[in-house]
$ cat protein27.cif   # mmCIF, C-alpha atoms and all ligand atoms
data_final
loop_
_atom_site.label_atom_id
_atom_site.label_comp_id
_atom_site.auth_asym_id
_atom_site.auth_seq_id
_atom_site.Cartn_x
_atom_site.Cartn_y
_atom_site.Cartn_z
CA MET A 1 97.32 223.39 197.86
CA ASN A 2 94.76 220.66 198.65
CA ALA A 3 93.78 220.32 202.33
CA THR A 4 93.98 216.83 203.79
CA ARG A 5 90.60 215.20 204.47
CA THR A 6 90.08 212.63 207.22
CA ILE A 7 87.89 209.59 206.78
CA LEU A 8 86.76 207.29 209.56
CA LEU A 9 86.42 203.81 208.10
CA LEU A 10 84.31 201.46 210.24
CA GLY A 11 85.54 198.00 209.39
CA GLY A 12 85.89 194.47 210.71
CA THR A 13 85.15 193.00 207.28
CA SER A 14 86.98 192.07 204.07
CA GLU A 15 85.51 195.22 202.49
CA GLY A 16 87.05 197.29 205.29
CA LEU A 17 90.47 195.77 204.58
CA ALA A 18 90.22 196.25 200.82
CA LEU A 19 88.98 199.80 201.16
CA ALA A 20 91.77 200.77 203.59
CA ASP A 21 94.25 199.50 200.98
CA ALA A 22 92.58 201.37 198.14
CA LEU A 23 92.15 204.66 200.04
CA GLY A 24 95.78 204.54 201.07
CA HIS A 25 96.65 205.52 197.49
CA VAL A 26 94.43 208.60 197.41
CA PRO A 27 96.43 211.80 197.86
CA HIS A 28 95.49 214.28 200.62
CA LEU A 29 93.40 211.68 202.43
CA ARG A 30 93.95 210.51 206.00
CA VAL A 31 92.15 207.25 206.67
CA VAL A 32 91.56 205.92 210.17
CA SER A 33 90.23 202.37 210.21
CA SER A 34 88.23 201.36 213.25
CA LEU A 35 87.78 197.84 214.61
CA ALA A 36 85.53 196.76 217.47
CA GLY A 37 88.26 194.69 219.10
CA ARG A 38 86.09 191.58 219.35
CA VAL A 39 88.73 189.09 218.22
CA SER A 40 92.14 188.91 219.86
CA ASN A 41 94.10 188.52 216.65
CA PRO A 42 92.25 190.54 213.98
CA ARG A 43 93.41 191.02 210.41
CA LEU A 44 94.69 194.58 210.59
CA PRO A 45 93.93 197.04 207.81
CA SER A 46 96.84 198.90 206.26
CA GLY A 47 97.42 202.44 207.50
CA GLU A 48 96.16 204.03 210.70
CA VAL A 49 94.02 201.82 212.92
CA ARG A 50 92.13 202.36 216.17
CA ILE A 51 90.59 199.51 218.13
CA GLY A 52 87.62 199.44 220.53
CA GLY A 53 84.14 200.89 220.88
CA PHE A 54 83.46 204.63 220.88
CA GLY A 55 80.91 204.63 223.69
CA GLY A 56 77.67 204.59 221.70
CA ALA A 57 76.35 207.30 219.41
CA ASP A 58 77.40 209.99 221.91
CA GLY A 59 80.99 208.77 222.01
CA LEU A 60 81.14 208.51 218.24
CA THR A 61 79.69 212.03 217.88
CA GLN A 62 82.47 213.31 220.11
CA VAL A 63 85.14 211.49 218.09
CA LEU A 64 83.81 212.93 214.83
CA ARG A 65 84.11 216.41 216.33
CA ASP A 66 87.43 215.98 218.14
CA GLU A 67 89.14 214.30 215.21
CA GLN A 68 87.60 216.68 212.68
CA ILE A 69 86.34 213.79 210.57
CA ASP A 70 85.24 214.82 207.08
CA GLY A 71 83.49 211.60 206.12
CA VAL A 72 82.51 208.22 207.58
CA ILE A 73 82.39 205.00 205.62
CA ASP A 74 80.45 202.18 207.23
CA ALA A 75 82.03 198.99 205.94
CA THR A 76 80.85 196.90 208.88
CA HIS A 77 79.16 193.52 208.59
CA PRO A 78 75.46 193.55 207.57
CA PHE A 79 74.59 192.01 210.97
CA ALA A 80 76.48 194.66 212.97
CA THR A 81 73.36 196.71 213.65
CA LYS A 82 74.45 198.79 216.65
CA ILE A 83 77.51 200.39 215.13
CA SER A 84 75.62 201.19 211.91
CA ALA A 85 72.80 202.81 213.90
CA ASN A 86 75.35 204.77 215.95
CA ALA A 87 77.16 205.93 212.82
CA TYR A 88 73.86 207.08 211.34
CA GLU A 89 72.96 208.99 214.49
CA ALA A 90 76.40 210.57 215.00
CA CYS A 91 76.67 211.65 211.35
CA LEU A 92 73.18 213.13 211.49
CA ARG A 93 74.10 215.19 214.54
CA THR A 94 77.43 216.41 213.18
CA LYS A 95 76.37 216.64 209.52
CA VAL A 96 79.39 214.54 208.57
CA PRO A 97 78.69 212.71 205.27
CA LEU A 98 78.14 208.96 205.70
CA LEU A 99 78.46 206.24 203.10
CA ALA A 100 77.77 202.53 203.57
CA ILE A 101 79.28 199.71 201.58
CA SER A 102 76.46 197.26 201.10
CA ARG A 103 77.10 193.65 200.36
CA PRO A 104 74.21 192.08 198.44
CA PRO A 105 72.58 189.19 200.31
CA TRP A 106 72.77 185.64 198.98
CA THR A 107 69.68 184.48 197.16
CA GLU A 108 68.30 180.96 196.96
CA ARG A 109 69.37 179.00 193.88
CA VAL A 110 68.02 175.85 192.26
CA GLY A 111 68.94 172.91 194.50
CA ASP A 112 69.18 174.97 197.69
CA ILE A 113 66.97 173.85 200.57
CA TRP A 114 66.65 177.04 202.58
CA HIS A 115 64.51 177.79 205.58
CA ASP A 116 64.08 181.46 206.31
CA ALA A 117 64.63 182.52 209.93
CA THR A 118 63.79 185.97 211.25
CA ASP A 119 66.59 185.91 213.86
CA VAL A 120 68.86 183.42 215.66
CA GLU A 121 66.13 182.37 218.11
CA ASP A 122 63.89 181.51 215.17
CA ALA A 123 66.84 179.75 213.50
CA ALA A 124 67.40 177.63 216.61
CA ARG A 125 63.77 176.53 216.68
CA ILE A 126 63.79 175.64 212.98
CA ALA A 127 67.18 173.87 213.07
CA ALA A 128 66.10 171.74 216.03
CA SER A 129 63.27 170.32 213.92
CA PHE A 130 65.80 168.55 211.66
CA SER A 131 67.63 165.33 212.48
CA GLY A 132 71.42 165.04 212.57
CA ARG A 133 74.10 167.34 213.85
CA ILE A 134 73.61 171.07 213.59
CA LEU A 135 76.43 173.15 212.13
CA LEU A 136 76.48 176.69 213.53
CA THR A 137 78.30 179.15 211.30
CA ILE A 138 76.88 182.31 212.82
CA GLY A 139 80.06 183.52 214.50
CA ARG A 140 80.59 183.85 218.24
CA GLN A 141 77.40 185.71 218.98
CA GLY A 142 73.97 184.15 219.17
CA VAL A 143 75.06 180.62 220.12
CA GLU A 144 73.15 180.92 223.42
CA ALA A 145 69.89 180.77 221.46
CA PHE A 146 70.62 177.09 220.77
CA VAL A 147 71.22 176.11 224.42
CA PRO A 148 67.59 175.05 225.10
CA TYR A 149 67.83 172.34 222.41
CA ASP A 150 69.36 169.06 223.48
CA ARG A 151 71.11 168.34 220.21
CA GLU A 152 74.64 167.77 218.95
CA PHE A 153 76.27 170.87 217.52
CA VAL A 154 79.38 171.68 215.54
CA ILE A 155 80.29 175.32 216.13
CA ARG A 156 82.62 176.97 213.67
CA ALA A 157 83.92 180.40 214.58
CA ILE A 158 87.13 182.43 214.60
CA GLU A 159 87.18 182.46 218.40
CA ALA A 160 85.31 180.40 220.97
CA PRO A 161 81.84 181.73 221.78
CA LEU A 162 81.23 182.74 225.38
CA PRO A 163 78.96 180.67 227.67
CA PRO A 164 76.19 179.68 227.93
CA LEU A 165 76.87 176.99 225.34
CA PRO A 166 74.94 173.85 224.36
CA SER A 167 75.80 170.77 226.42
CA ARG A 168 77.03 168.75 223.43
CA TYR A 169 79.19 170.52 220.90
CA GLU A 170 82.40 170.25 218.94
CA LEU A 171 84.29 173.48 218.39
CA ARG A 172 86.09 174.23 215.11
CA LEU A 173 88.15 177.37 215.47
CA GLN A 174 88.79 178.47 211.91
CA ARG A 175 88.98 181.67 209.93
CA GLY A 176 87.70 181.85 206.34
CA PRO A 177 87.74 182.06 203.43
CA PHE A 178 86.87 178.38 202.96
CA THR A 179 87.08 176.43 199.72
CA LEU A 180 84.31 174.21 198.40
CA GLU A 181 86.48 171.20 199.19
CA ASP A 182 86.92 172.41 202.83
CA GLU A 183 83.18 172.77 203.20
CA ARG A 184 82.28 169.43 201.61
CA ARG A 185 84.71 167.73 203.97
CA LEU A 186 83.33 169.57 207.01
CA LEU A 187 79.71 168.68 206.21
CA GLN A 188 80.53 165.05 205.43
CA ASP A 189 83.11 164.33 208.14
CA CYS A 190 80.94 165.89 210.84
CA ARG A 191 77.77 164.17 209.51
CA ILE A 192 75.94 167.49 209.45
CA GLY A 193 72.14 167.29 209.16
CA VAL A 194 71.45 171.01 208.92
CA VAL A 195 73.51 174.20 208.52
CA VAL A 196 72.68 177.47 210.28
CA SER A 197 74.01 180.58 208.58
CA LYS A 198 73.49 184.32 208.60
CA ASN A 199 72.72 185.77 205.21
CA SER A 200 76.06 187.56 205.19
CA GLY A 201 76.49 187.70 201.42
CA GLY A 202 79.87 187.92 199.71
CA ASP A 203 82.06 185.12 198.44
CA LYS A 204 84.33 184.50 201.47
CA THR A 205 81.91 182.18 203.27
CA TYR A 206 79.59 181.20 200.44
CA MET A 207 81.10 177.76 199.76
CA LYS A 208 79.26 176.20 202.71
CA ILE A 209 76.04 177.10 200.90
CA VAL A 210 77.29 175.48 197.69
CA ALA A 211 78.44 172.36 199.55
CA ALA A 212 75.09 172.09 201.35
CA ARG A 213 73.31 172.40 197.99
CA GLU A 214 75.44 169.64 196.46
CA LEU A 215 74.88 167.33 199.40
CA GLY A 216 71.15 168.08 199.74
CA ILE A 217 71.59 169.45 203.27
CA PRO A 218 69.06 172.04 204.46
CA VAL A 219 70.25 175.51 205.45
CA VAL A 220 68.51 177.67 208.02
CA MET A 221 69.25 181.16 206.74
CA VAL A 222 68.99 184.03 209.20
CA ARG A 223 67.43 187.01 207.50
CA ARG A 224 69.28 190.32 207.51
CA PRO A 225 68.41 192.89 210.14
CA VAL A 226 67.03 196.21 209.00
CA LEU A 227 69.71 198.92 208.89
CA PRO A 228 69.35 202.70 208.64
CA GLN A 229 68.76 203.92 205.09
CA VAL A 230 71.97 205.72 204.11
CA PRO A 231 73.63 206.42 200.76
CA SER A 232 75.41 203.22 199.82
CA VAL A 233 77.60 201.69 197.15
CA ASN A 234 78.45 198.08 196.47
CA SER A 235 82.02 198.32 195.26
CA ILE A 236 85.37 199.47 196.57
CA GLU A 237 85.88 201.61 193.46
CA ALA A 238 82.64 203.51 194.05
CA ALA A 239 83.57 204.11 197.68
CA VAL A 240 86.97 205.47 196.60
CA ARG A 241 85.23 207.82 194.15
CA TRP A 242 83.00 209.06 196.97
CA ALA A 243 86.02 209.66 199.21
CA ARG A 244 87.86 211.54 196.47
CA GLY A 245 84.82 213.78 196.06
CA LEU A 246 84.68 214.85 199.71
N1 LIG B 301 77.88 190.60 213.55
C1 LIG B 301 78.52 189.79 212.72
O1 LIG B 301 78.00 188.73 212.31
C2 LIG B 301 79.90 190.12 212.24
C3 LIG B 301 80.55 189.26 211.33
C4 LIG B 301 81.81 189.59 210.86
C5 LIG B 301 82.43 190.74 211.30
N2 LIG B 301 81.79 191.56 212.18
C6 LIG B 301 82.48 192.79 212.61
O2 LIG B 301 82.68 192.71 214.00
C7 LIG B 301 82.46 193.96 214.61
C8 LIG B 301 81.52 193.78 215.80
O3 LIG B 301 80.31 193.24 215.30
P1 LIG B 301 79.00 193.30 216.19
O4 LIG B 301 77.93 192.55 215.48
O5 LIG B 301 79.33 192.96 217.60
O6 LIG B 301 78.65 194.86 216.09
P2 LIG B 301 77.50 195.70 216.76
O7 LIG B 301 76.62 194.83 217.57
O8 LIG B 301 76.89 196.55 215.71
O9 LIG B 301 78.32 196.68 217.71
C9 LIG B 301 78.41 196.52 219.10
C10 LIG B 301 79.36 197.58 219.60
O10 LIG B 301 80.70 197.27 219.21
C11 LIG B 301 81.39 198.46 218.87
N3 LIG B 301 81.78 198.39 217.46
C12 LIG B 301 81.28 197.60 216.48
N4 LIG B 301 81.94 197.75 215.34
C13 LIG B 301 82.90 198.66 215.59
C14 LIG B 301 83.94 199.22 214.81
N5 LIG B 301 84.12 198.86 213.52
N6 LIG B 301 84.76 200.14 215.38
C15 LIG B 301 84.58 200.50 216.69
N7 LIG B 301 83.63 199.98 217.47
C16 LIG B 301 82.80 199.08 216.94
C17 LIG B 301 80.45 199.61 219.16
O11 LIG B 301 80.69 199.94 220.50
P3 LIG B 301 80.39 201.40 221.08
O12 LIG B 301 78.91 201.52 221.18
O13 LIG B 301 81.10 201.43 222.37
O14 LIG B 301 80.95 202.38 220.09
C18 LIG B 301 79.09 198.96 219.01
O15 LIG B 301 78.06 199.62 219.69
C19 LIG B 301 81.93 194.91 213.55
O16 LIG B 301 82.90 195.89 213.28
C20 LIG B 301 81.65 194.04 212.35
O17 LIG B 301 82.01 194.66 211.13
C21 LIG B 301 80.55 191.27 212.67
#

$ encode --input "protein27.cif" --output "structure tokens" --more "lines below"
Ligand SMILES: NC(=O)c1ccc[n+]([C@@H]2O[C@H](COP(=O)([O-])OP(=O)(O)OC[C@H]3O[C@@H](n4cnc5c(N)ncnc54)[C@H](OP(=O)(O)O)[C@@H]3O)[C@@H](O)[C@H]2O)c1
Amino acid sequence: MNATRTILLLGGTSEGLALADALGHVPHLRVVSSLAGRVSNPRLPSGEVRIGGFGGADGLTQVLRDEQIDGVIDATHPFATKISANAYEACLRTKVPLLAISRPPWTERVGDIWHDATDVEDAARIAASFSGRILLTIGRQGVEAFVPYDREFVIRAIEAPLPPLPSRYELRLQRGPFTLEDERRLLQDCRIGVVVSKNSGGDKTYMKIVAARELGIPVVMVRRPVLPQVPSVNSIEAAVRWARGL
């Protein structure tokens, strides 16, 4: 008889949702999806879900031991650096195998007008050098970096960012994916002069980049943070194969 294996799936992304669905069909596998609990109405993965932080690398180490986790899959967002570092540390300590799903970054195409930013503070400085309204599509976190700049902002996020916020801004509370038509309309209706984006990769939020290209609008692209080097795959199928092999 095959023993049941337990996988902790760190999610909060479309990959996390898709992988929870796919792993649900694998026999003798218990999958526990984990969400940070940042948004009040998250898209819930299928199957077992836990919500909230673990309490750093120490807390996660304890969970891996207590729950007898056989494998961890890090399907978190490429900009979620703390949880990925904690997963790396906790798996190292407990010798639990760790796999990351990596989402390739977007690359500049002909017609794009990109300005590379090392982080959100750098992005704020660069964006402020352009005229027109600044569209922030960096999520809820990092908006405070733009407060020192007396400019007009349009902030698009799933939930309102916490203060401090710029003095002049319009809030668009929306959840992707967005179509090209949505994004053209947003950029044109809001008279956007420059877009600020993280280099998240993937297709769910890429249409703003295409719309900016079409309209000749510059994009300040926040470079990806450096993450721990762990075995990684870039497809759901490959992650399922890894889980089956545990
Ligand atoms: N950063 C982004 O741009 C972005 C975009 C889209 C989605 N997300 C998703 O939103 C979540 C939070 O992102 P973040 O940038 O705030 O992460 P982060 O800075 O790496 O993590 C901050 C803390 O949140 C908790 N946490 C994060 N992800 C968790 C998860 N999947 N399950 C349980 N606890 C988690 C951990 O708390 P403890 O230390 O207490 O364990 C972690 O130390 C992530 O799961 C990520 O996949 C992030």

$ closest_residue --input "protein27.cif" --among "A:Leu135, A:Leu10, A:Ala57, A:Ile126" --to "Leu187 of chain A" --atoms "all atoms listed in the file"
A:Leu135

$ atom_distance --input "protein27.cif" --atom1 "atom CA of Trp114 of chain A" --atom2 "atom CA of Asp203 of chain A"
17.9 Å

$ residues_near_ligand --input "protein27.cif" --ligand "ligand LIG 301 (chain B)" --cutoff "10 Å" --atoms "only C-alpha atoms and all ligand atoms" --output "PyMOL selection string"
chain A and resi 8-16+33-39+42+49-61+74-87+137-142+158+197-200

$ closest_residue --input "protein27.cif" --among "A:Tyr206, A:Trp106, A:Phe130, A:Phe153" --to "Thr179 of chain A" --atoms "all atoms listed in the file"
A:Tyr206

$ closest_residue --input "protein27.cif" --among "A:Ile113, A:Ile101, A:Leu136, A:Leu246" --to "Val219 of chain A" --atoms "only C-alpha atoms"
A:Ile113

$ closest_residue --input "protein27.cif" --among "A:Glu121, A:Glu144, A:Ala127, A:Pro105" --to "Arg224 of chain A" --atoms "all atoms listed in the file"
A:Pro105

$ closest_residue --input "protein27.cif" --among "A:Gly71, A:Pro27, A:Pro161, A:Pro45" --to "Ile7 of chain A" --atoms "all atoms listed in the file"
A:Gly71

$ closest_residue --input "protein27.cif" --among "A:Ala160, A:Thr94, A:Leu99, A:Arg5" --to "Ala239 of chain A" --atoms "all atoms listed in the file"
A:Leu99

$ build_atoms --input "protein27.cif" --residues "segment 15-39 of chain A" --atoms "N, CA and C atoms" --output "PDB file, in the frame of the given file"
ATOM      1  N   GLU A  15      85.674 193.947 203.199  1.00  0.00           N
ATOM      2  CA  GLU A  15      85.510 195.220 202.490  1.00  0.00           C
ATOM      3  C   GLU A  15      86.305 196.327 203.194  1.00  0.00           C
ATOM      4  N   GLY A  16      86.297 196.299 204.522  1.00  0.00           N
ATOM      5  CA  GLY A  16      87.050 197.290 205.290  1.00  0.00           C
ATOM      6  C   GLY A  16      88.536 197.206 204.986  1.00  0.00           C
ATOM      7  N   LEU A  17      89.036 195.972 204.887  1.00  0.00           N
ATOM      8  CA  LEU A  17      90.470 195.770 204.580  1.00  0.00           C
ATOM      9  C   LEU A  17      90.791 196.270 203.177  1.00  0.00           C
ATOM     10  N   ALA A  18      89.958 195.880 202.218  1.00  0.00           N
ATOM     11  CA  ALA A  18      90.220 196.250 200.820  1.00  0.00           C
ATOM     12  C   ALA A  18      90.121 197.758 200.628  1.00  0.00           C
ATOM     13  N   LEU A  19      89.166 198.358 201.326  1.00  0.00           N
ATOM     14  CA  LEU A  19      88.980 199.800 201.160  1.00  0.00           C
ATOM     15  C   LEU A  19      90.133 200.572 201.808  1.00  0.00           C
ATOM     16  N   ALA A  20      90.620 200.103 202.944  1.00  0.00           N
ATOM     17  CA  ALA A  20      91.770 200.770 203.590  1.00  0.00           C
ATOM     18  C   ALA A  20      92.966 200.737 202.635  1.00  0.00           C
ATOM     19  N   ASP A  21      93.164 199.615 201.974  1.00  0.00           N
ATOM     20  CA  ASP A  21      94.250 199.500 200.980  1.00  0.00           C
ATOM     21  C   ASP A  21      94.060 200.512 199.864  1.00  0.00           C
ATOM     22  N   ALA A  22      92.850 200.528 199.314  1.00  0.00           N
ATOM     23  CA  ALA A  22      92.580 201.370 198.140  1.00  0.00           C
ATOM     24  C   ALA A  22      92.661 202.856 198.500  1.00  0.00           C
ATOM     25  N   LEU A  23      92.142 203.230 199.660  1.00  0.00           N
ATOM     26  CA  LEU A  23      92.150 204.660 200.040  1.00  0.00           C
ATOM     27  C   LEU A  23      93.543 205.143 200.390  1.00  0.00           C
ATOM     28  N   GLY A  24      94.406 204.180 200.741  1.00  0.00           N
ATOM     29  CA  GLY A  24      95.780 204.540 201.070  1.00  0.00           C
ATOM     30  C   GLY A  24      96.506 205.182 199.906  1.00  0.00           C
ATOM     31  N   HIS A  25      96.001 204.956 198.680  1.00  0.00           N
ATOM     32  CA  HIS A  25      96.650 205.520 197.490  1.00  0.00           C
ATOM     33  C   HIS A  25      96.076 206.876 197.087  1.00  0.00           C
ATOM     34  N   VAL A  26      95.057 207.327 197.798  1.00  0.00           N
ATOM     35  CA  VAL A  26      94.430 208.600 197.410  1.00  0.00           C
ATOM     36  C   VAL A  26      95.189 209.750 198.071  1.00  0.00           C
ATOM     37  N   PRO A  27      95.685 210.690 197.278  1.00  0.00           N
ATOM     38  CA  PRO A  27      96.430 211.800 197.860  1.00  0.00           C
ATOM     39  C   PRO A  27      95.545 212.685 198.744  1.00  0.00           C
ATOM     40  N   HIS A  28      96.152 213.312 199.727  1.00  0.00           N
ATOM     41  CA  HIS A  28      95.490 214.280 200.620  1.00  0.00           C
ATOM     42  C   HIS A  28      94.335 213.640 201.396  1.00  0.00           C
ATOM     43  N   LEU A  29      94.448 212.365 201.662  1.00  0.00           N
ATOM     44  CA  LEU A  29      93.400 211.680 202.430  1.00  0.00           C
ATOM     45  C   LEU A  29      94.043 210.957 203.613  1.00  0.00           C
ATOM     46  N   ARG A  30      93.523 211.261 204.810  1.00  0.00           N
ATOM     47  CA  ARG A  30      93.950 210.510 206.000  1.00  0.00           C
ATOM     48  C   ARG A  30      92.830 209.527 206.304  1.00  0.00           C
ATOM     49  N   VAL A  31      93.177 208.259 206.429  1.00  0.00           N
ATOM     50  CA  VAL A  31      92.150 207.250 206.670  1.00  0.00           C
ATOM     51  C   VAL A  31      92.431 206.569 208.010  1.00  0.00           C
ATOM     52  N   VAL A  32      91.428 206.606 208.881  1.00  0.00           N
ATOM     53  CA  VAL A  32      91.560 205.920 210.170  1.00  0.00           C
ATOM     54  C   VAL A  32      90.573 204.757 210.162  1.00  0.00           C
ATOM     55  N   SER A  33      91.103 203.545 210.151  1.00  0.00           N
ATOM     56  CA  SER A  33      90.230 202.370 210.210  1.00  0.00           C
ATOM     57  C   SER A  33      89.892 202.085 211.664  1.00  0.00           C
ATOM     58  N   SER A  34      88.662 201.660 211.894  1.00  0.00           N
ATOM     59  CA  SER A  34      88.230 201.360 213.250  1.00  0.00           C
ATOM     60  C   SER A  34      87.723 199.926 213.350  1.00  0.00           C
ATOM     61  N   LEU A  35      88.223 199.217 214.352  1.00  0.00           N
ATOM     62  CA  LEU A  35      87.780 197.840 214.610  1.00  0.00           C
ATOM     63  C   LEU A  35      87.167 197.784 216.007  1.00  0.00           C
ATOM     64  N   ALA A  36      86.211 196.861 216.174  1.00  0.00           N
ATOM     65  CA  ALA A  36      85.530 196.760 217.470  1.00  0.00           C
ATOM     66  C   ALA A  36      86.439 196.181 218.546  1.00  0.00           C
ATOM     67  N   GLY A  37      87.379 195.338 218.128  1.00  0.00           N
ATOM     68  CA  GLY A  37      88.260 194.690 219.100  1.00  0.00           C
ATOM     69  C   GLY A  37      87.658 193.415 219.658  1.00  0.00           C
ATOM     70  N   ARG A  38      86.755 192.813 218.893  1.00  0.00           N
ATOM     71  CA  ARG A  38      86.090 191.580 219.350  1.00  0.00           C
ATOM     72  C   ARG A  38      87.023 190.368 219.350  1.00  0.00           C
ATOM     73  N   VAL A  39      87.851 190.262 218.302  1.00  0.00           N
ATOM     74  CA  VAL A  39      88.730 189.090 218.220  1.00  0.00           C
ATOM     75  C   VAL A  39      90.137 189.498 218.660  1.00  0.00           C
TER      76      VAL A  39
END
